[in-house]
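A short write-up of the structure that comes next.
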Amino acid sequence: MHDRGETFSQSLRMERVQSPVIPVVGELIRQHPGTISLGQGVVHYGPPAQAREAIDRFFADPVNHKYKLVGGVPELLESLTQKLLAENGIRVGHGNSLVVTAGGNMAFMNALLAVANVGDEVILQTPYYFNHEMAIEMAGCKAVCVPTDQAYQLQPDLIAAAITPRTRAVVTISPNNPTGAVYPESAIRKVNELCKSAGVYHIHDEAYEYFTYGNAHHFSPASMEGSTPHTISLFSLSKSHGFASWRIGYMVFPDHLLDAVKKIQDTLLICPPVICQYAAVGAVSAGPEFCRRHVAELADVRDMVKTELESLGDRITLPSAEGAFYFLPRIHTRLEPMEIVQRLVREFGVAVIPGSAFGIRDNCAVRIAYGALSKDTVAEGMGRLIKGLRALV
């Protein structure tokens with residue numbers, strides 16, 4: 001047998017993929033008990049009671065323990081179809097299709113693999129959601145990063161300039177992770193029309209659709225006339241319905257991609273977990289009031305976090321964040337963001353996420369998440385954070 005020496009290694013493709021930052025910071029927290037985490041983007045509440053009640057219906061039929069349709073169980077598809085029309089202005093079945101996925105990340109991967117070939121380009125807005133950038137690398141594609149402005153808002157002219165013959169999609173997220181920015185309807189419309197003119201897909205992530213504050217409002221580009229052939233909309237119950245571990249998301253996309261999406265999902269998953277889909281039917285039946293009630297409570301927490309951050313004065317720049325449950329302040333320091341994160345955990349017992357994980361290279365920033373904890377615990381964590389930044393910056 002020919003001896004080729006040390007040939008066992010991971011693929012070069014995976015070597016280029018960044019390590020997910022949440023587990024890295026999570027391990028740092030584990031090493032320092034008592035740390036308050038303002039890091040991971042989850043909510044502090046669980047699903048509505050209707051979700052738990054719906055599970056009894058799952059167990060009542062033994063057929064539910066077998067494989068189900070790749071695109072989702074009919075009851076959930078019908079519930080989501082009604083929700084999309086009533087709340088998003090999206091008419092399913094009019095040149096587009098709806099598929100249930102195992103969370104929003106899978107919806108993005110489905111979309112990416114369905115539209116892009118190896119070597120193609122996908123435009124992201126910087127700061128980007130790190131799992132989107134990771135998925136693009138895994139697919140053998142190239143992430144082309146277009147900066148947002150100083151307020152973390154879209155810059156359509158720069159997006160247009162970044163489009164090349166290899167571009168297959170432009171990705172936007174609103175309300176935004178990691179910045180908390182909410183893009184105005186006019187800006188989203190402009191990007192969608194730009195994609196239509198350029199012959200590229202517009203992938204719009206709406207996982208935080210309910211999380212807006214003040215005068216900000218959420219807009220779905222798939223509700224636009226003429227948007228159906230090129231618009232892919234991604235949704236998730238993880239945040240809105242306290243459903244993170246249940247892994248239920250969904251996507252609306254042009255009919256011509258249905259065969260590809262089904263191939264991808266059947267290979268990776270066969271079907272989303274059926275017990276979770278039944279729970280999702282119950283969760284959706286609670287209506288938007290369930291989500292809005294919790295968002296109203298989060299608004300008070302957001303105001304408190306904003307006030308605390310503003311007390312740092314010229315140590316930071318704090319762009320407006322009218323959505324999701326994040327702030328992404330720029331910190332005026334020469335320290336590296338990961339060094340700040342490590343010292344905040346070790347010396348002050350509070351954790352945040354480095355902006356470098358979201359593609360920020362020209363300044364030091366950290367993402368602060370305020371959705372996962374009670375108001376009192378967030379207040380304690382912010383006290384530690386403010387003390388730490390005053391000492392470090």
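Convention: chains lettered A, B, ... in structure tokens order; per-chain residue numbering from 1; ligands numbered from 1 as shown.
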Open item on the list: Going by DSSP on the backbone, which residues of stretch 143-239 of chain A come out as strand (DSSP E)? List them as a PyMOL selection string.
Closed with: chain A and resi 143-147+167-173+201-205+231-236
TODO: Find the residues near A:Leu98: any atom within 12 Å, counting only C-alpha atoms, skip ones fewer than 5 places away on the same chain, and give them as an MDAnalysis selection string.
DONE: chainID A and resid 70:74 76:84 90:93 107 232:235 249:255 257:258 261:262
Task: A:Val301 surroundings by only C-alpha atoms, 9 Å radius, close-in-sequence under 5 positions cut, as a list in words - done: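 Close residues of A:Val301: Lys306, Tyr370, Gly371, Ser374, Lys375, Val378 and Ala379 of chain A.
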Report the closest atom pair, with its distance in Å rounded to one decimal, for each residue of stretch 147-259 of chain A that has an atom no farther than 12 Å from stretch 271-281 of chain A; count only C-alpha atoms, sort by chain and then rising residue number, and write it as a Markdown table.
```
| residue | atom | partner | partner_atom | distance |
| --- | --- | --- | --- | --- |
| A:Ser236 | CA | A:Ala280 | CA | 10.5 |
| A:Leu237 | CA | A:Ala280 | CA | 7.9 |
| A:Ser238 | CA | A:Ala280 | CA | 10.3 |
| A:Ser240 | CA | A:Ala280 | CA | 11.5 |
| A:His241 | CA | A:Ala280 | CA | 8.8 |
| A:Gly242 | CA | A:Ala280 | CA | 10.7 |
| A:Phe243 | CA | A:Ala280 | CA | 8.4 |
| A:Ala244 | CA | A:Cys276 | CA | 11.0 |
| A:Ser245 | CA | A:Cys276 | CA | 9.5 |
| A:Trp246 | CA | A:Cys276 | CA | 5.8 |
| A:Arg247 | CA | A:Cys276 | CA | 7.5 |
| A:Ile248 | CA | A:Cys276 | CA | 7.0 |
| A:Gly249 | CA | A:Pro272 | CA | 9.2 |
| A:Tyr250 | CA | A:Pro272 | CA | 10.1 |
```
TODO: Just list the residues in stretch 293-379 of chain A DSSP gives helix (DSSP H, G or I) on the backbone, as a PyMOL selection string.
DONE: chain A and resi 293-310+313-315+337-348+355-358+375-379
Open item on the list: For A:Val25, find every residue with an atom within 10 Å (counting only C-alpha atoms), except residues of its own chain fewer than 3 positions away, and show them as an NGL selection string.
Closed with: :A and (20-22 or 28-31 or 37 or 39-40 or 338 or 341-342 or 345 or 351-354)
Task: Residues within 9 Å of A:Ala114, only C-alpha atoms, excluding chain neighbours under 3 positions, as JSON, numbers by chain - done: {"A": [109, 110, 111, 117, 257, 258, 259, 260, 261, 264]}
Let's have the selection written as a PDB file, in the first residue's frame, with C-alpha atoms.
```
ATOM      1  CA  MET A 109     -28.834  27.289   4.251  1.00  0.00           C
ATOM      2  CA  ASN A 110     -31.733  25.960   2.171  1.00  0.00           C
ATOM      3  CA  ALA A 111     -31.932  29.271   0.333  1.00  0.00           C
ATOM      4  CA  ASN A 117     -23.072  27.565  -7.152  1.00  0.00           C
ATOM      5  CA  LEU A 257     -36.905  26.883  -6.166  1.00  0.00           C
ATOM      6  CA  LEU A 258     -39.289  24.375  -4.543  1.00  0.00           C
ATOM      7  CA  ASP A 259     -37.715  21.264  -6.046  1.00  0.00           C
ATOM      8  CA  ALA A 260     -34.232  22.371  -4.968  1.00  0.00           C
ATOM      9  CA  VAL A 261     -35.330  23.277  -1.432  1.00  0.00           C
ATOM     10  CA  ILE A 264     -31.783  19.953   0.321  1.00  0.00           C
TER      11      ILE A 264
END
```
TODO: Name the closest residue to A:Glu322 among the candidates A:Glu53, A:Glu209, A:Glu133, A:Glu310; distances are taken between atoms, counting only C-alpha atoms.
DONE: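 Checking each candidate against A:Glu322, we get A:Glu209 as the closest.
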TODO: Pick out the residues sitting within 10 Å of A:Lys190, and hand them over as a PyMOL selection string; count only C-alpha atoms, and ignore anything fewer than 2 positions along from it in its own chain.
DONE: chain A and resi 154-157+185-188+192-196+221
Quick one: which stretch 33-139 of chain A residues come within 12 Å of stretch 203-207 of chain A, and what is the nearest atom pair for each with the distance in Å to one decimal, counting only C-alpha atoms, rows ordered by chain and ascending number, as JSON lines?
```
{"residue": "A:Gly41", "atom": "CA", "partner": "A:Ala207", "partner_atom": "CA", "distance": 11.5}
{"residue": "A:Val42", "atom": "CA", "partner": "A:Ala207", "partner_atom": "CA", "distance": 11.6}
{"residue": "A:Leu84", "atom": "CA", "partner": "A:Glu206", "partner_atom": "CA", "distance": 11.7}
{"residue": "A:Asn88", "atom": "CA", "partner": "A:Glu206", "partner_atom": "CA", "distance": 10.2}
{"residue": "A:Gly103", "atom": "CA", "partner": "A:Ala207", "partner_atom": "CA", "distance": 9.6}
{"residue": "A:Gly104", "atom": "CA", "partner": "A:Ala207", "partner_atom": "CA", "distance": 7.1}
{"residue": "A:Asn105", "atom": "CA", "partner": "A:Asp205", "partner_atom": "CA", "distance": 9.7}
{"residue": "A:Met106", "atom": "CA", "partner": "A:Asp205", "partner_atom": "CA", "distance": 11.8}
{"residue": "A:Ala107", "atom": "CA", "partner": "A:Asp205", "partner_atom": "CA", "distance": 9.4}
{"residue": "A:Phe108", "atom": "CA", "partner": "A:Ile203", "partner_atom": "CA", "distance": 8.2}
{"residue": "A:Met109", "atom": "CA", "partner": "A:Ile203", "partner_atom": "CA", "distance": 11.0}
{"residue": "A:Asn110", "atom": "CA", "partner": "A:Ile203", "partner_atom": "CA", "distance": 11.2}
{"residue": "A:Ala111", "atom": "CA", "partner": "A:Ile203", "partner_atom": "CA", "distance": 7.8}
{"residue": "A:Leu112", "atom": "CA", "partner": "A:Ile203", "partner_atom": "CA", "distance": 8.9}
{"residue": "A:Ala114", "atom": "CA", "partner": "A:Ile203", "partner_atom": "CA", "distance": 11.8}
{"residue": "A:Val115", "atom": "CA", "partner": "A:Ile203", "partner_atom": "CA", "distance": 10.4}
{"residue": "A:Val122", "atom": "CA", "partner": "A:Ile203", "partner_atom": "CA", "distance": 9.8}
{"residue": "A:Ile123", "atom": "CA", "partner": "A:Ile203", "partner_atom": "CA", "distance": 9.9}
{"residue": "A:Leu124", "atom": "CA", "partner": "A:Ile203", "partner_atom": "CA", "distance": 10.0}
{"residue": "A:Gln125", "atom": "CA", "partner": "A:His204", "partner_atom": "CA", "distance": 11.5}
{"residue": "A:Tyr128", "atom": "CA", "partner": "A:Asp205", "partner_atom": "CA", "distance": 11.5}
{"residue": "A:Tyr129", "atom": "CA", "partner": "A:Asp205", "partner_atom": "CA", "distance": 10.1}
{"residue": "A:His132", "atom": "CA", "partner": "A:Asp205", "partner_atom": "CA", "distance": 10.2}
```
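Close contacts of A:Leu328, defined as residues with an atom at most 7 Å away when counting only C-alpha atoms, with chain neighbours fewer than 6 positions off set aside, comprise Pro178, Thr179, Ala365, Val366, Arg367 and Ile368 of chain A.
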Would you save the residues of that selection, restricted to N, CA and C atoms, as a short mmCIF file (atom, residue, chain, number, x, y, z; two decimals), in the first residue's frame?
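Wrote again_10.cif, looks like this:
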```cif
data_model
loop_
_atom_site.label_atom_id
_atom_site.label_comp_id
_atom_site.auth_asym_id
_atom_site.auth_seq_id
_atom_site.Cartn_x
_atom_site.Cartn_y
_atom_site.Cartn_z
N PRO A 178 -26.51 41.86 14.29
CA PRO A 178 -26.26 42.16 15.71
C PRO A 178 -26.51 43.61 16.15
N THR A 179 -27.00 44.47 15.26
CA THR A 179 -26.95 45.90 15.56
C THR A 179 -28.20 46.44 16.25
N ALA A 365 -15.86 47.01 18.83
CA ALA A 365 -17.28 47.04 19.19
C ALA A 365 -17.62 45.75 19.93
N VAL A 366 -18.68 45.82 20.73
CA VAL A 366 -19.18 44.62 21.41
C VAL A 366 -20.70 44.59 21.28
N ARG A 367 -21.25 43.39 21.13
CA ARG A 367 -22.70 43.25 21.10
C ARG A 367 -23.22 42.94 22.49
N ILE A 368 -24.22 43.72 22.90
CA ILE A 368 -24.86 43.55 24.20
C ILE A 368 -26.28 43.06 23.95
#
```
Task: Pick from A:Val305, A:Leu389, A:Asn96, A:Thr333 nearest to A:Leu38, counting only C-alpha atoms - done: A:Val305
TODO: Could you tell me how far atom CA of A:Tyr210 lies from atom CA of A:Gln153, in Å and to one decimal?
DONE: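 If I compute the distance from atom CA of A:Tyr210 to atom CA of A:Gln153, I get 18.9 Å.
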